[in-house]
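A.B. asks: Quick one: structure below, then a few questions.
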Amino acid sequence: MTAAPYRLRADRAAAGFTLLELLVVLGIVALGLTLVAPSLNRLRQGVAVRSAAYELAVHLRSARAAAREANVERVLTIDVDGRRYWAEGVVGPRQLPPSIAMDLTVPTSERVGAGMARVRFFPDGSTSGARVVLDDGRVSAAIRVDWLTGDVRLQAR
């Protein structure tokens with residue numbers, strides 16, 4: 001007895017997708033991307049402000065730690081007009097992205113010039129105090145430096 005020859009049959013259901021099905025799926029994907037893309041752009045912009053604020057807060061904390069460790073006063077200077085800051089012996093000049101505006105509030109005694117000011121850290125951990133707001137028009141982040149405790153707090157809005 002001989003076996004019948006084995007024949008391959010292509011089932012119509014397993015043959016693949018029709019052109020109409022592919023077009024419908026591509027249309028749904030395109031619609032989803034048009035709805036999601038603006039949200040991703042806003043998210044990206046918010047990340048720039050938050051990361052710049054986080055970096056500034058880290059450098060403020062570093063200046064405070066350096067003052068306590070060396071038992072000497074440390075100063076972090078902020079140039080509002082140039083959107084940059086530095087702390088001698090702690091951190092070199094850092095530039096903020098051009099899209100980010102900076103607003104700074106410090107005691108009058110810590111103003112160096114029209115657009116510059118200092119945040120002074122003392123060996124006991126206290127500071128002159130400051131409030132820095134970074135803003136790109138859509139997202140803002142505020143950094144508060146408590147004058148008594150020297151605590152640096154970041155608040156993203």
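To be explicit about the labels: the chains of the structure tokens are called A, B, and onward in the order shown, and within each one the residues are counted from 1, while ligands get numbers from 1 in the order they are shown.
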Please identify all polymer residues within 10 Å of range 113-122 of chain A, counting only C-alpha atoms, omitting same-chain residues fewer than 6 positions from it, and present them as a count of residues only.
C.D. replies: 37
A.B. asks: So how many Å separate CA of Ala53 in chain A and CA of Pro98 in chain A, to one decimal?
C.D. replies: 14.0 Å
A.B. asks: Near Ala141 in chain A, within 10 Å and counting only C-alpha atoms, which residues show up once chain neighbours fewer than 2 positions away are dropped, as a list in words?
C.D. replies: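 Once the nearby chain positions are removed, what remains is Gly46, Val49, Arg50, Ser51, Ala52, Ala53, Tyr54, Met102, Val132, Val133, Leu134, Asp135, Asp136, Val139, Ile143, Leu154, Gln155, Ala156 and Arg157 of chain A.
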A.B. asks: Between CA of Thr127 in chain A and CA of Arg153 in chain A, measure the distance and give it in Å to one decimal.
C.D. replies: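 These two atoms are separated by 13.4 Å.
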A.B. asks: Counting only C-alpha atoms, figure out which residue out of A:Val91, A:Ile100, A:Leu23, A:Leu33 gets nearest to Ser140 in chain A.
C.D. replies: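 Closest to Ser140 in chain A of all the choices is A:Ile100.
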A.B. asks: Can you list every residue in range 39-151 of chain A that DSSP puts in helix (DSSP H, G or I), as a PyMOL selection string?
C.D. replies: chain A and resi 39-70+108-110
A.B. asks: Go ahead and compute the interatomic distance for CA of Ser99 in chain A and CA of Ser39 in chain A, in Å to one decimal.
C.D. replies: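 Straight-line distance from CA of Ser99 in chain A to CA of Ser39 in chain A works out to 18.3 Å.
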A.B. asks: Could you go through range 53-157 of chain A and tell me which residues DSSP, when run on the backbone, assigns to strand (DSSP E or B), listing them as a PyMOL selection string?
C.D. replies: chain A and resi 74-79+84-87+91-95+101-105+111+116-121+127+130-135+140-145+152-156
A.B. asks: So, counting only C-alpha atoms, which residue among A:Val58, A:Ala142, A:Val47, A:Val112 is closest to Pro97 in chain A?
C.D. replies: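 Smallest separation from Pro97 in chain A among the options: A:Val47.
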